[in-house]
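Trainee: See start.pdb below, with PDB, C-alpha atoms.
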```
ATOM      1  CA  MET K   1       0.000   0.000   0.000
ATOM      2  CA  SER K   2       1.159   3.531  -0.699
ATOM      3  CA  LEU K   3       0.828   6.704   1.340
ATOM      4  CA  PHE K   4      -2.662   7.422  -0.003
ATOM      5  CA  GLY K   5      -4.011   3.901   0.298
ATOM      6  CA  LEU K   6      -3.513   2.966  -3.349
ATOM      7  CA  GLY K   7      -2.129  -0.464  -4.100
ATOM      8  CA  ARG K   8      -0.170  -1.524  -7.168
ATOM      9  CA  ASN K   9      -3.334  -2.478  -9.025
ATOM     10  CA  GLN K  10      -4.867   0.932  -8.416
ATOM     11  CA  ARG K  11      -2.333   3.123 -10.209
ATOM     12  CA  THR K  12      -3.560   6.439 -11.506
ATOM     13  CA  PHE K  13      -0.839   6.746 -14.201
ATOM     14  CA  ARG K  14      -1.419   4.315 -17.066
ATOM     15  CA  PRO K  15       1.022   4.227 -19.991
ATOM     16  CA  LYS K  16      -0.686   2.646 -22.988
ATOM     17  CA  LYS K  17       1.481   0.096 -24.775
ATOM     18  CA  SER K  18      -0.722  -0.034 -27.881
ATOM     19  CA  ALA K  19      -0.605   3.701 -28.607
ATOM     20  CA  PRO K  20       1.129   4.879 -31.778
ATOM     21  CA  SER K  21       4.560   6.368 -31.366
ATOM     22  CA  GLY K  22       5.391   9.867 -32.522
ATOM     23  CA  SER K  23       7.653  12.771 -31.855
ATOM     24  CA  LYS K  24       5.252  15.135 -30.088
ATOM     25  CA  GLY K  25       8.148  16.182 -27.872
ATOM     26  CA  ALA K  26      10.183  17.164 -30.920
ATOM     27  CA  GLN K  27       7.285  19.257 -32.201
ATOM     28  CA  LEU K  28       6.969  20.980 -28.854
ATOM     29  CA  ARG K  29      10.688  21.731 -28.713
ATOM     30  CA  LYS K  30      10.454  23.802 -31.901
ATOM     31  CA  HIS K  31       8.222  26.255 -30.094
ATOM     32  CA  ILE K  32      10.025  26.157 -26.774
ATOM     33  CA  ASP K  33      13.496  27.508 -27.509
ATOM     34  CA  ALA K  34      12.209  30.828 -28.813
ATOM     35  CA  THR K  35       9.757  31.364 -25.985
ATOM     36  CA  LEU K  36      11.294  30.227 -22.700
ATOM     37  CA  GLY K  37      11.690  33.192 -20.398
ATOM     38  CA  SER K  38      10.036  35.685 -22.708
ATOM     39  CA  GLY K  39       6.655  37.323 -22.988
ATOM     40  CA  ASN K  40       4.442  39.881 -21.365
ATOM     41  CA  LEU K  41       1.689  38.408 -19.187
ATOM     42  CA  ARG K  42      -0.404  41.594 -19.124
ATOM     43  CA  GLU K  43      -0.392  41.748 -22.907
ATOM     44  CA  ALA K  44      -1.347  38.085 -23.218
ATOM     45  CA  VAL K  45      -4.490  38.419 -21.093
ATOM     46  CA  ARG K  46      -5.609  41.820 -22.426
ATOM     47  CA  LEU K  47      -8.721  41.916 -24.629
ATOM     48  CA  PRO K  48      -7.558  42.367 -28.226
ATOM     49  CA  PRO K  49      -8.690  45.660 -29.812
ATOM     50  CA  GLY K  50     -12.126  45.406 -31.387
ATOM     51  CA  GLU K  51     -12.898  41.976 -29.892
ATOM     52  CA  ASP K  52     -16.020  41.135 -27.902
ATOM     53  CA  ALA K  53     -15.201  40.469 -24.232
ATOM     54  CA  ASN K  54     -17.544  37.453 -24.062
ATOM     55  CA  GLU K  55     -15.969  35.940 -27.164
ATOM     56  CA  TRP K  56     -12.518  36.439 -25.636
ATOM     57  CA  LEU K  57     -13.589  34.707 -22.430
ATOM     58  CA  ALA K  58     -15.129  31.826 -24.386
ATOM     59  CA  VAL K  59     -12.120  31.270 -26.646
ATOM     60  CA  ASN K  60      -9.823  31.147 -23.627
ATOM     61  CA  LYS K  61     -11.771  28.201 -22.178
ATOM     62  CA  PHE K  62     -10.786  25.357 -24.469
ATOM     63  CA  CYS K  63     -10.345  22.402 -22.102
ATOM     64  CA  THR K  64     -13.903  21.169 -21.625
ATOM     65  CA  PRO K  65     -15.487  17.808 -20.766
ATOM     66  CA  GLU K  66     -16.592  17.597 -24.406
ATOM     67  CA  ASN K  67     -13.124  18.323 -25.841
ATOM     68  CA  CYS K  68     -11.217  16.348 -23.199
ATOM     69  CA  PRO K  69     -13.420  13.506 -21.910
ATOM     70  CA  THR K  70     -10.392  11.797 -20.333
ATOM     71  CA  MET K  71      -7.287  13.187 -18.644
ATOM     72  CA  THR K  72      -4.500  12.285 -21.053
ATOM     73  CA  ALA K  73      -1.039  13.357 -22.165
ATOM     74  CA  GLY K  74      -1.240  12.306 -25.776
ATOM     75  CA  PRO K  75      -2.339   8.847 -26.946
ATOM     76  CA  LYS K  76       0.191   6.980 -24.804
ATOM     77  CA  TYR K  77      -0.630   8.274 -21.321
ATOM     78  CA  GLU K  78      -3.858   8.406 -19.349
ATOM     79  CA  TYR K  79      -4.387   9.660 -15.811
ATOM     80  CA  ARG K  80      -7.162   8.558 -13.475
ATOM     81  CA  TRP K  81      -8.225  10.204 -10.258
ATOM     82  CA  ALA K  82      -8.057   8.749  -6.740
ATOM     83  CA  ASP K  83      -7.437  10.499  -3.444
ATOM     84  CA  GLY K  84      -7.318   7.358  -1.290
ATOM     85  CA  VAL K  85     -10.062   8.719   0.957
ATOM     86  CA  GLN K  86     -13.286   9.597  -0.851
ATOM     87  CA  ILE K  87     -12.252   7.958  -4.127
ATOM     88  CA  LYS K  88     -10.159   4.906  -3.359
ATOM     89  CA  LYS K  89     -10.312   3.126  -6.712
ATOM     90  CA  PRO K  90      -8.963   5.289  -9.582
ATOM     91  CA  ILE K  91     -11.723   6.586 -11.820
ATOM     92  CA  GLU K  92     -11.669   7.916 -15.356
ATOM     93  CA  VAL K  93     -12.744  11.567 -15.435
ATOM     94  CA  SER K  94     -12.609  14.423 -17.921
ATOM     95  CA  ALA K  95      -9.529  16.624 -17.877
ATOM     96  CA  PRO K  96     -11.383  19.613 -16.325
ATOM     97  CA  LYS K  97     -12.831  17.331 -13.618
ATOM     98  CA  TYR K  98      -9.377  15.885 -12.899
ATOM     99  CA  VAL K  99      -7.981  19.396 -12.468
ATOM    100  CA  GLU K 100     -10.918  20.338 -10.223
ATOM    101  CA  TYR K 101     -10.362  17.259  -8.040
ATOM    102  CA  LEU K 102      -6.636  17.980  -7.971
ATOM    103  CA  MET K 103      -6.939  21.621  -6.904
ATOM    104  CA  ASP K 104      -9.442  20.719  -4.167
ATOM    105  CA  TRP K 105      -7.147  17.918  -2.973
ATOM    106  CA  ILE K 106      -4.071  20.189  -2.937
ATOM    107  CA  GLU K 107      -5.994  22.836  -1.006
ATOM    108  CA  ALA K 108      -6.998  20.199   1.566
ATOM    109  CA  GLN K 109      -3.335  19.142   1.959
ATOM    110  CA  LEU K 110      -2.153  22.735   2.390
ATOM    111  CA  ASP K 111      -4.903  23.470   4.932
ATOM    112  CA  ASP K 112      -4.091  20.358   6.979
ATOM    113  CA  GLU K 113      -1.858  21.562   9.811
ATOM    114  CA  SER K 114      -0.720  18.010  10.524
ATOM    115  CA  ILE K 115       0.945  18.092   7.074
ATOM    116  CA  PHE K 116       1.749  21.797   6.598
ATOM    117  CA  PRO K 117       2.182  23.171  10.140
ATOM    118  CA  GLN K 118       1.346  26.871  10.523
ATOM    119  CA  LYS K 119       3.033  27.498  13.866
ATOM    120  CA  LEU K 120       6.655  28.576  13.793
ATOM    121  CA  GLY K 121       8.879  25.731  14.909
ATOM    122  CA  ALA K 122       6.162  23.078  14.655
ATOM    123  CA  PRO K 123       7.629  19.881  13.178
ATOM    124  CA  PHE K 124       6.781  18.597   9.725
ATOM    125  CA  PRO K 125       5.378  15.054   9.661
ATOM    126  CA  PRO K 126       7.625  12.135   8.656
ATOM    127  CA  ASN K 127       5.671  11.704   5.390
ATOM    128  CA  PHE K 128       5.931  15.396   4.404
ATOM    129  CA  ARG K 129       8.234  14.803   1.445
ATOM    130  CA  ASP K 130       5.943  12.042   0.130
ATOM    131  CA  VAL K 131       2.962  14.406   0.219
ATOM    132  CA  VAL K 132       4.934  17.133  -1.567
ATOM    133  CA  LYS K 133       6.095  14.635  -4.210
ATOM    134  CA  THR K 134       2.510  13.551  -4.836
ATOM    135  CA  ILE K 135       1.411  17.176  -5.206
ATOM    136  CA  PHE K 136       4.153  17.890  -7.756
ATOM    137  CA  LYS K 137       3.587  14.610  -9.632
ATOM    138  CA  ARG K 138      -0.076  15.464 -10.072
ATOM    139  CA  LEU K 139       0.634  19.075 -11.052
ATOM    140  CA  PHE K 140       3.007  17.761 -13.723
ATOM    141  CA  ARG K 141       0.089  15.835 -15.201
ATOM    142  CA  VAL K 142      -1.728  19.121 -15.813
ATOM    143  CA  TYR K 143       1.283  20.471 -17.725
ATOM    144  CA  ALA K 144       1.521  17.212 -19.695
ATOM    145  CA  HIS K 145      -2.145  17.458 -20.656
ATOM    146  CA  ILE K 146      -1.847  21.109 -21.689
ATOM    147  CA  TYR K 147       1.242  20.527 -23.836
ATOM    148  CA  HIS K 148      -0.175  17.452 -25.560
ATOM    149  CA  SER K 149      -3.798  18.547 -25.988
ATOM    150  CA  HIS K 150      -3.800  22.328 -26.111
ATOM    151  CA  PHE K 151      -0.377  23.645 -27.120
ATOM    152  CA  GLN K 152      -1.422  24.720 -30.616
ATOM    153  CA  LYS K 153      -4.339  26.673 -29.148
ATOM    154  CA  ILE K 154      -1.964  28.362 -26.720
ATOM    155  CA  VAL K 155       0.360  29.247 -29.609
ATOM    156  CA  SER K 156      -2.593  30.717 -31.527
ATOM    157  CA  LEU K 157      -3.339  32.903 -28.491
ATOM    158  CA  LYS K 158       0.362  33.887 -28.342
ATOM    159  CA  GLU K 159       0.557  32.620 -24.752
ATOM    160  CA  GLU K 160       3.224  29.910 -25.192
ATOM    161  CA  ALA K 161       5.995  32.053 -23.704
ATOM    162  CA  HIS K 162       4.167  32.210 -20.392
ATOM    163  CA  LEU K 163       3.376  28.508 -20.316
ATOM    164  CA  ASN K 164       6.977  27.655 -21.192
ATOM    165  CA  THR K 165       8.418  29.971 -18.548
ATOM    166  CA  CYS K 166       6.158  28.516 -15.842
ATOM    167  CA  PHE K 167       6.979  24.968 -16.920
ATOM    168  CA  LYS K 168      10.709  25.664 -17.013
ATOM    169  CA  HIS K 169      10.610  26.966 -13.427
ATOM    170  CA  PHE K 170       8.477  24.001 -12.361
ATOM    171  CA  ILE K 171      10.848  21.439 -13.915
ATOM    172  CA  LEU K 172      14.050  23.031 -12.627
ATOM    173  CA  PHE K 173      12.565  23.128  -9.122
ATOM    174  CA  THR K 174      11.343  19.527  -9.190
ATOM    175  CA  CYS K 175      14.681  18.308 -10.574
ATOM    176  CA  GLU K 176      16.640  20.262  -7.991
ATOM    177  CA  PHE K 177      14.799  18.482  -5.183
ATOM    178  CA  GLY K 178      14.032  15.138  -6.865
ATOM    179  CA  LEU K 179      10.275  15.576  -6.519
ATOM    180  CA  ILE K 180       9.035  13.576  -9.535
ATOM    181  CA  ASP K 181      10.156  10.087 -10.527
ATOM    182  CA  LYS K 182      11.662   9.877 -14.012
ATOM    183  CA  LYS K 183       9.004   7.453 -15.307
ATOM    184  CA  GLU K 184       6.293  10.014 -14.490
ATOM    185  CA  LEU K 185       8.081  12.587 -16.656
ATOM    186  CA  ALA K 186       7.977  10.369 -19.773
ATOM    187  CA  PRO K 187       5.122  12.235 -21.529
ATOM    188  CA  LEU K 188       7.294  15.376 -21.827
ATOM    189  CA  GLN K 189      10.778  13.801 -21.703
ATOM    190  CA  GLU K 190      12.205  15.501 -24.803
ATOM    191  CA  LEU K 191      10.956  18.899 -23.692
ATOM    192  CA  ILE K 192      12.348  18.376 -20.196
ATOM    193  CA  GLU K 193      15.755  17.386 -21.561
ATOM    194  CA  SER K 194      15.873  20.600 -23.598
ATOM    195  CA  ILE K 195      15.277  22.543 -20.381
ATOM    196  CA  ILE K 196      17.727  20.668 -18.156
ATOM    197  CA  VAL K 197      20.681  20.230 -20.550
ATOM    198  CA  PRO K 198      21.692  23.940 -20.509
ATOM    199  CA  TYR K 199      21.812  23.919 -16.677
TER     200      TYR K 199
END
```
Mind converting the file's structure to structure tokens?

Mentor:
Amino acid sequence: MSLFGLGRNQRTFRPKKSAPSGSKGAQLRKHIDATLGSGNLREAVRLPPGEDANEWLAVNKFCTPENCPTMTAGPKYEYRWADGVQIKKPIEVSAPKYVEYLMDWIEAQLDDESIFPQKLGAPFPPNFRDVVKTIFKRLFRVYAHIYHSHFQKIVSLKEEAHLNTCFKHFILFTCEFGLIDKKELAPLQELIESIIVPY
């Protein structure tokens, strides 16, 4: 049994052996080099001149249960949700639902003083690093989904620089502290290598 009550047969990360191979990572890398560390966030979110505000809001919501009925990172990787408490057996959910479950679960971890003590000098629990690793592993899955399912949309909105900068920081931090196992990083391995090699 693992920290969250999930046994080996209840894994939430499921690589698919029958999926076709491709070089999605290589495609992503073409866009990455020119955009890492660049961009203006205020400009990216501003309503374009002459555009309807409602249209702008609608076009910026492109990950929906209809578009993304399962939480995937390309055809080879699927993620299922389980928190080990309310949902013990991993379930297939849409990508937006997975993210909703994840954010609620992370908030519950952060609010739990037995895990994240608020008092100065209060000790961290023995399993603190395991909890942090699980948080980062699951956050990585959101990045993997965005890059595999929505990167072209993000490029069309000219927002890739911001995504790439956030992801670069995320990866450098997780690598610095060994927070995500290498096998979990497989969906974005080529992209990650292009970030880490220069450092």

Trainee: Would you mind telling me which residue in K:His150, K:Lys168, K:Arg129, K:Lys158 lies nearest to K:Asn67 when using all atoms listed in the file?

Mentor: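 When distances to K:Asn67 are compared using all atoms listed in the file, the smallest one comes from K:His150.
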
Trainee: Please, what is the axis-aligned box for every listed atom of stretch 181-188 of chain K with 6 Å on each side, as centre and edge lengths in Å to one decimal, as JSON?

Mentor:
```
{"center_x": 8.4, "center_y": 11.4, "center_z": -16.2, "size_x": 18.5, "size_y": 19.9, "size_z": 23.3}
```

Trainee: When you look at K:Leu179 with a cut-off of 9 Å (counting only C-alpha atoms), what residues show up, excluding the ones that are within fewer than 4 positions of it in the same chain? I need them as a PDB file with C-alpha atoms, in the frame of the given file.

Mentor:
```
ATOM      1  CA  ARG K 129       8.234  14.803   1.445  1.00  0.00           C
ATOM      2  CA  ASP K 130       5.943  12.042   0.130  1.00  0.00           C
ATOM      3  CA  VAL K 132       4.934  17.133  -1.567  1.00  0.00           C
ATOM      4  CA  LYS K 133       6.095  14.635  -4.210  1.00  0.00           C
ATOM      5  CA  THR K 134       2.510  13.551  -4.836  1.00  0.00           C
ATOM      6  CA  PHE K 136       4.153  17.890  -7.756  1.00  0.00           C
ATOM      7  CA  LYS K 137       3.587  14.610  -9.632  1.00  0.00           C
ATOM      8  CA  PHE K 173      12.565  23.128  -9.122  1.00  0.00           C
ATOM      9  CA  THR K 174      11.343  19.527  -9.190  1.00  0.00           C
ATOM     10  CA  CYS K 175      14.681  18.308 -10.574  1.00  0.00           C
TER      11      CYS K 175
END
```

Trainee: Mind pulling up the distance from atom CA of K:Ile135 to atom CA of K:Glu159?

Mentor: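 Separation of atom CA of K:Glu159 and atom CA of K:Ile135: 24.9 Å.
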
Trainee: Any idea what's packed within 10 Å of K:Ile196, counting only C-alpha atoms, ignoring anything in its chain fewer than 2 positions away? Could you give it as a list in words?

Mentor: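 So, after excluding close chain neighbours, the residues are Lys168, Ile171, Leu172, Cys175, Leu191, Ile192, Glu193, Ser194, Pro198 and Tyr199 of chain K.
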
Trainee: Report the distance between atom CA of K:Glu160 and atom CA of K:Trp81 in Å, rounded to one decimal place.

Mentor: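 Going from atom CA of K:Glu160 over to atom CA of K:Trp81, I get 27.2 Å.
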
Trainee: Can you pull out every residue within 7 Å of K:Pro69, counting only C-alpha atoms, but drop anything in the same chain fewer than 6 positions away, and send it as a PDB file with C-alpha atoms, in the frame of the given file?

Mentor:
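So around_18.pdb came out as:
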```pdb
ATOM      1  CA  VAL K  93     -12.744  11.567 -15.435  1.00  0.00           C
ATOM      2  CA  SER K  94     -12.609  14.423 -17.921  1.00  0.00           C
ATOM      3  CA  ALA K  95      -9.529  16.624 -17.877  1.00  0.00           C
TER       4      ALA K  95
END
```

Trainee: Could you state the separation of atom CA of K:Ser114 and atom CA of K:Arg138 in Å, given to one decimal place?

Mentor: 20.8 Å

Trainee: Looking at K:Leu120, K:Ile180, K:Leu157, K:Met103, which one is nearest to K:Lys61, with distances taken over all atoms listed in the file?

Mentor: K:Leu157

Trainee: Evaluate the PyMOL selection byres ((chain K and resi 188) around 12) and record the selected residues as a VMD selection string, following the chain and residue labels used in the document.

Mentor: chain K and resid 23 to 29 73 to 74 76 to 77 140 to 148 167 to 168 171 182 to 187 189 to 195

Trainee: Residues of the last selection are to be written out with C-alpha atoms, as an mmCIF file, keeping the file's coordinate frame.

Mentor:
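Below is the file that was written, result-v9.cif:
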```
data_model
loop_
_atom_site.group_PDB
_atom_site.id
_atom_site.type_symbol
_atom_site.label_atom_id
_atom_site.label_comp_id
_atom_site.auth_asym_id
_atom_site.auth_seq_id
_atom_site.Cartn_x
_atom_site.Cartn_y
_atom_site.Cartn_z
ATOM 1 C CA SER K 23 7.653 12.771 -31.855
ATOM 2 C CA LYS K 24 5.252 15.135 -30.088
ATOM 3 C CA GLY K 25 8.148 16.182 -27.872
ATOM 4 C CA ALA K 26 10.183 17.164 -30.920
ATOM 5 C CA GLN K 27 7.285 19.257 -32.201
ATOM 6 C CA LEU K 28 6.969 20.980 -28.854
ATOM 7 C CA ARG K 29 10.688 21.731 -28.713
ATOM 8 C CA ALA K 73 -1.039 13.357 -22.165
ATOM 9 C CA GLY K 74 -1.240 12.306 -25.776
ATOM 10 C CA LYS K 76 0.191 6.980 -24.804
ATOM 11 C CA TYR K 77 -0.630 8.274 -21.321
ATOM 12 C CA PHE K 140 3.007 17.761 -13.723
ATOM 13 C CA ARG K 141 0.089 15.835 -15.201
ATOM 14 C CA VAL K 142 -1.728 19.121 -15.813
ATOM 15 C CA TYR K 143 1.283 20.471 -17.725
ATOM 16 C CA ALA K 144 1.521 17.212 -19.695
ATOM 17 C CA HIS K 145 -2.145 17.458 -20.656
ATOM 18 C CA ILE K 146 -1.847 21.109 -21.689
ATOM 19 C CA TYR K 147 1.242 20.527 -23.836
ATOM 20 C CA HIS K 148 -0.175 17.452 -25.560
ATOM 21 C CA PHE K 167 6.979 24.968 -16.920
ATOM 22 C CA LYS K 168 10.709 25.664 -17.013
ATOM 23 C CA ILE K 171 10.848 21.439 -13.915
ATOM 24 C CA LYS K 182 11.662 9.877 -14.012
ATOM 25 C CA LYS K 183 9.004 7.453 -15.307
ATOM 26 C CA GLU K 184 6.293 10.014 -14.490
ATOM 27 C CA LEU K 185 8.081 12.587 -16.656
ATOM 28 C CA ALA K 186 7.977 10.369 -19.773
ATOM 29 C CA PRO K 187 5.122 12.235 -21.529
ATOM 30 C CA GLN K 189 10.778 13.801 -21.703
ATOM 31 C CA GLU K 190 12.205 15.501 -24.803
ATOM 32 C CA LEU K 191 10.956 18.899 -23.692
ATOM 33 C CA ILE K 192 12.348 18.376 -20.196
ATOM 34 C CA GLU K 193 15.755 17.386 -21.561
ATOM 35 C CA SER K 194 15.873 20.600 -23.598
ATOM 36 C CA ILE K 195 15.277 22.543 -20.381
#
```

Trainee: Compile the contact shell of K:Glu113 as a tab-separated table (two decimals) with C-alpha atoms, keeping the file's coordinate frame: residues with an atom at most 10 Å away, counting only C-alpha atoms, same-chain residues fewer than 6 positions apart removed.

Mentor:
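Output saved as out-v5.tsv:
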```tsv
chain	number	residue	atom	x	y	z
K	119	LYS	CA	3.03	27.50	13.87
K	122	ALA	CA	6.16	23.08	14.66
K	124	PHE	CA	6.78	18.60	9.72
K	125	PRO	CA	5.38	15.05	9.66
```

Trainee: Which of these, K:Pro90, K:Pro96, K:Gly84, K:Pro48, has the shortest distance to K:Cys63 once you count all atoms listed in the file?

Mentor: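 When distances to K:Cys63 are compared using all atoms listed in the file, the smallest one comes from K:Pro96.
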
Trainee: Could you model all heavy atoms for stretch 145-155 of chain K and present them as a PDB file, keeping the file's coordinate frame?

Mentor:
```
ATOM      1  N   HIS K 145      -0.886  17.378 -19.911  1.00  0.00           N
ATOM      2  CA  HIS K 145      -2.145  17.458 -20.656  1.00  0.00           C
ATOM      3  C   HIS K 145      -2.180  18.721 -21.521  1.00  0.00           C
ATOM      4  O   HIS K 145      -2.536  18.664 -22.701  1.00  0.00           O
ATOM      5  CB  HIS K 145      -3.340  17.441 -19.703  1.00  0.00           C
ATOM      6  CG  HIS K 145      -4.643  17.632 -20.410  1.00  0.00           C
ATOM      7  ND1 HIS K 145      -5.202  16.666 -21.202  1.00  0.00           N
ATOM      8  CD2 HIS K 145      -5.474  18.716 -20.484  1.00  0.00           C
ATOM      9  CE1 HIS K 145      -6.344  17.125 -21.723  1.00  0.00           C
ATOM     10  NE2 HIS K 145      -6.518  18.367 -21.308  1.00  0.00           N
ATOM     11  N   ILE K 146      -1.813  19.845 -20.942  1.00  0.00           N
ATOM     12  CA  ILE K 146      -1.847  21.109 -21.689  1.00  0.00           C
ATOM     13  C   ILE K 146      -0.929  21.038 -22.908  1.00  0.00           C
ATOM     14  O   ILE K 146      -1.338  21.388 -24.023  1.00  0.00           O
ATOM     15  CB  ILE K 146      -1.456  22.291 -20.783  1.00  0.00           C
ATOM     16  CG1 ILE K 146      -2.545  22.528 -19.729  1.00  0.00           C
ATOM     17  CG2 ILE K 146      -1.225  23.560 -21.611  1.00  0.00           C
ATOM     18  CD1 ILE K 146      -2.144  23.499 -18.636  1.00  0.00           C
ATOM     19  N   TYR K 147       0.302  20.585 -22.710  1.00  0.00           N
ATOM     20  CA  TYR K 147       1.242  20.527 -23.836  1.00  0.00           C
ATOM     21  C   TYR K 147       0.766  19.573 -24.928  1.00  0.00           C
ATOM     22  O   TYR K 147       0.883  19.870 -26.109  1.00  0.00           O
ATOM     23  CB  TYR K 147       2.641  20.138 -23.356  1.00  0.00           C
ATOM     24  CG  TYR K 147       3.463  21.311 -22.901  1.00  0.00           C
ATOM     25  CD1 TYR K 147       3.708  21.530 -21.554  1.00  0.00           C
ATOM     26  CD2 TYR K 147       3.998  22.215 -23.821  1.00  0.00           C
ATOM     27  CE1 TYR K 147       4.470  22.616 -21.128  1.00  0.00           C
ATOM     28  CE2 TYR K 147       4.762  23.298 -23.410  1.00  0.00           C
ATOM     29  CZ  TYR K 147       4.989  23.500 -22.058  1.00  0.00           C
ATOM     30  OH  TYR K 147       5.739  24.567 -21.652  1.00  0.00           O
ATOM     31  N   HIS K 148       0.233  18.429 -24.551  1.00  0.00           N
ATOM     32  CA  HIS K 148      -0.175  17.452 -25.560  1.00  0.00           C
ATOM     33  C   HIS K 148      -1.514  17.771 -26.209  1.00  0.00           C
ATOM     34  O   HIS K 148      -1.701  17.502 -27.396  1.00  0.00           O
ATOM     35  CB  HIS K 148      -0.208  16.041 -24.962  1.00  0.00           C
ATOM     36  CG  HIS K 148       1.130  15.392 -24.932  1.00  0.00           C
ATOM     37  ND1 HIS K 148       1.675  14.759 -26.016  1.00  0.00           N
ATOM     38  CD2 HIS K 148       2.054  15.303 -23.942  1.00  0.00           C
ATOM     39  CE1 HIS K 148       2.876  14.304 -25.707  1.00  0.00           C
ATOM     40  NE2 HIS K 148       3.129  14.619 -24.445  1.00  0.00           N
ATOM     41  N   SER K 149      -2.447  18.352 -25.460  1.00  0.00           N
ATOM     42  CA  SER K 149      -3.798  18.547 -25.988  1.00  0.00           C
ATOM     43  C   SER K 149      -4.105  19.972 -26.431  1.00  0.00           C
ATOM     44  O   SER K 149      -5.008  20.168 -27.244  1.00  0.00           O
ATOM     45  CB  SER K 149      -4.831  18.120 -24.938  1.00  0.00           C
ATOM     46  OG  SER K 149      -4.677  16.759 -24.634  1.00  0.00           O
ATOM     47  N   HIS K 150      -3.386  20.945 -25.884  1.00  0.00           N
ATOM     48  CA  HIS K 150      -3.800  22.328 -26.111  1.00  0.00           C
ATOM     49  C   HIS K 150      -2.680  23.281 -26.534  1.00  0.00           C
ATOM     50  O   HIS K 150      -2.895  24.485 -26.608  1.00  0.00           O
ATOM     51  CB  HIS K 150      -4.464  22.881 -24.844  1.00  0.00           C
ATOM     52  CG  HIS K 150      -5.605  22.050 -24.374  1.00  0.00           C
ATOM     53  ND1 HIS K 150      -6.743  21.848 -25.128  1.00  0.00           N
ATOM     54  CD2 HIS K 150      -5.792  21.353 -23.221  1.00  0.00           C
ATOM     55  CE1 HIS K 150      -7.581  21.065 -24.465  1.00  0.00           C
ATOM     56  NE2 HIS K 150      -7.024  20.741 -23.313  1.00  0.00           N
ATOM     57  N   PHE K 151      -1.499  22.751 -26.839  1.00  0.00           N
ATOM     58  CA  PHE K 151      -0.377  23.645 -27.120  1.00  0.00           C
ATOM     59  C   PHE K 151      -0.617  24.508 -28.354  1.00  0.00           C
ATOM     60  O   PHE K 151      -0.305  25.702 -28.353  1.00  0.00           O
ATOM     61  CB  PHE K 151       0.938  22.871 -27.245  1.00  0.00           C
ATOM     62  CG  PHE K 151       2.138  23.772 -27.248  1.00  0.00           C
ATOM     63  CD1 PHE K 151       2.524  24.439 -26.099  1.00  0.00           C
ATOM     64  CD2 PHE K 151       2.876  23.965 -28.403  1.00  0.00           C
ATOM     65  CE1 PHE K 151       3.625  25.288 -26.098  1.00  0.00           C
ATOM     66  CE2 PHE K 151       3.977  24.809 -28.412  1.00  0.00           C
ATOM     67  CZ  PHE K 151       4.353  25.474 -27.252  1.00  0.00           C
ATOM     68  N   GLN K 152      -1.187  23.931 -29.410  1.00  0.00           N
ATOM     69  CA  GLN K 152      -1.422  24.720 -30.616  1.00  0.00           C
ATOM     70  C   GLN K 152      -2.400  25.855 -30.357  1.00  0.00           C
ATOM     71  O   GLN K 152      -2.256  26.953 -30.894  1.00  0.00           O
ATOM     72  CB  GLN K 152      -1.917  23.828 -31.766  1.00  0.00           C
ATOM     73  CG  GLN K 152      -0.872  22.862 -32.284  1.00  0.00           C
ATOM     74  CD  GLN K 152       0.466  23.535 -32.600  1.00  0.00           C
ATOM     75  OE1 GLN K 152       0.509  24.596 -33.217  1.00  0.00           O
ATOM     76  NE2 GLN K 152       1.558  22.931 -32.160  1.00  0.00           N
ATOM     77  N   LYS K 153      -3.388  25.614 -29.517  1.00  0.00           N
ATOM     78  CA  LYS K 153      -4.339  26.673 -29.148  1.00  0.00           C
ATOM     79  C   LYS K 153      -3.614  27.778 -28.387  1.00  0.00           C
ATOM     80  O   LYS K 153      -3.844  28.970 -28.613  1.00  0.00           O
ATOM     81  CB  LYS K 153      -5.469  26.083 -28.308  1.00  0.00           C
ATOM     82  CG  LYS K 153      -6.511  27.087 -27.897  1.00  0.00           C
ATOM     83  CD  LYS K 153      -7.279  27.603 -29.090  1.00  0.00           C
ATOM     84  CE  LYS K 153      -8.406  28.513 -28.651  1.00  0.00           C
ATOM     85  NZ  LYS K 153      -9.106  29.099 -29.800  1.00  0.00           N
ATOM     86  N   ILE K 154      -2.724  27.384 -27.495  1.00  0.00           N
ATOM     87  CA  ILE K 154      -1.964  28.362 -26.720  1.00  0.00           C
ATOM     88  C   ILE K 154      -1.062  29.180 -27.637  1.00  0.00           C
ATOM     89  O   ILE K 154      -0.947  30.400 -27.479  1.00  0.00           O
ATOM     90  CB  ILE K 154      -1.192  27.649 -25.592  1.00  0.00           C
ATOM     91  CG1 ILE K 154      -2.191  27.248 -24.512  1.00  0.00           C
ATOM     92  CG2 ILE K 154      -0.084  28.526 -25.024  1.00  0.00           C
ATOM     93  CD1 ILE K 154      -1.686  26.342 -23.465  1.00  0.00           C
ATOM     94  N   VAL K 155      -0.458  28.532 -28.623  1.00  0.00           N
ATOM     95  CA  VAL K 155       0.360  29.247 -29.609  1.00  0.00           C
ATOM     96  C   VAL K 155      -0.508  30.240 -30.379  1.00  0.00           C
ATOM     97  O   VAL K 155      -0.115  31.389 -30.598  1.00  0.00           O
ATOM     98  CB  VAL K 155       1.050  28.261 -30.579  1.00  0.00           C
ATOM     99  CG1 VAL K 155       1.680  28.997 -31.754  1.00  0.00           C
ATOM    100  CG2 VAL K 155       2.103  27.443 -29.841  1.00  0.00           C
TER     101      VAL K 155
END
```
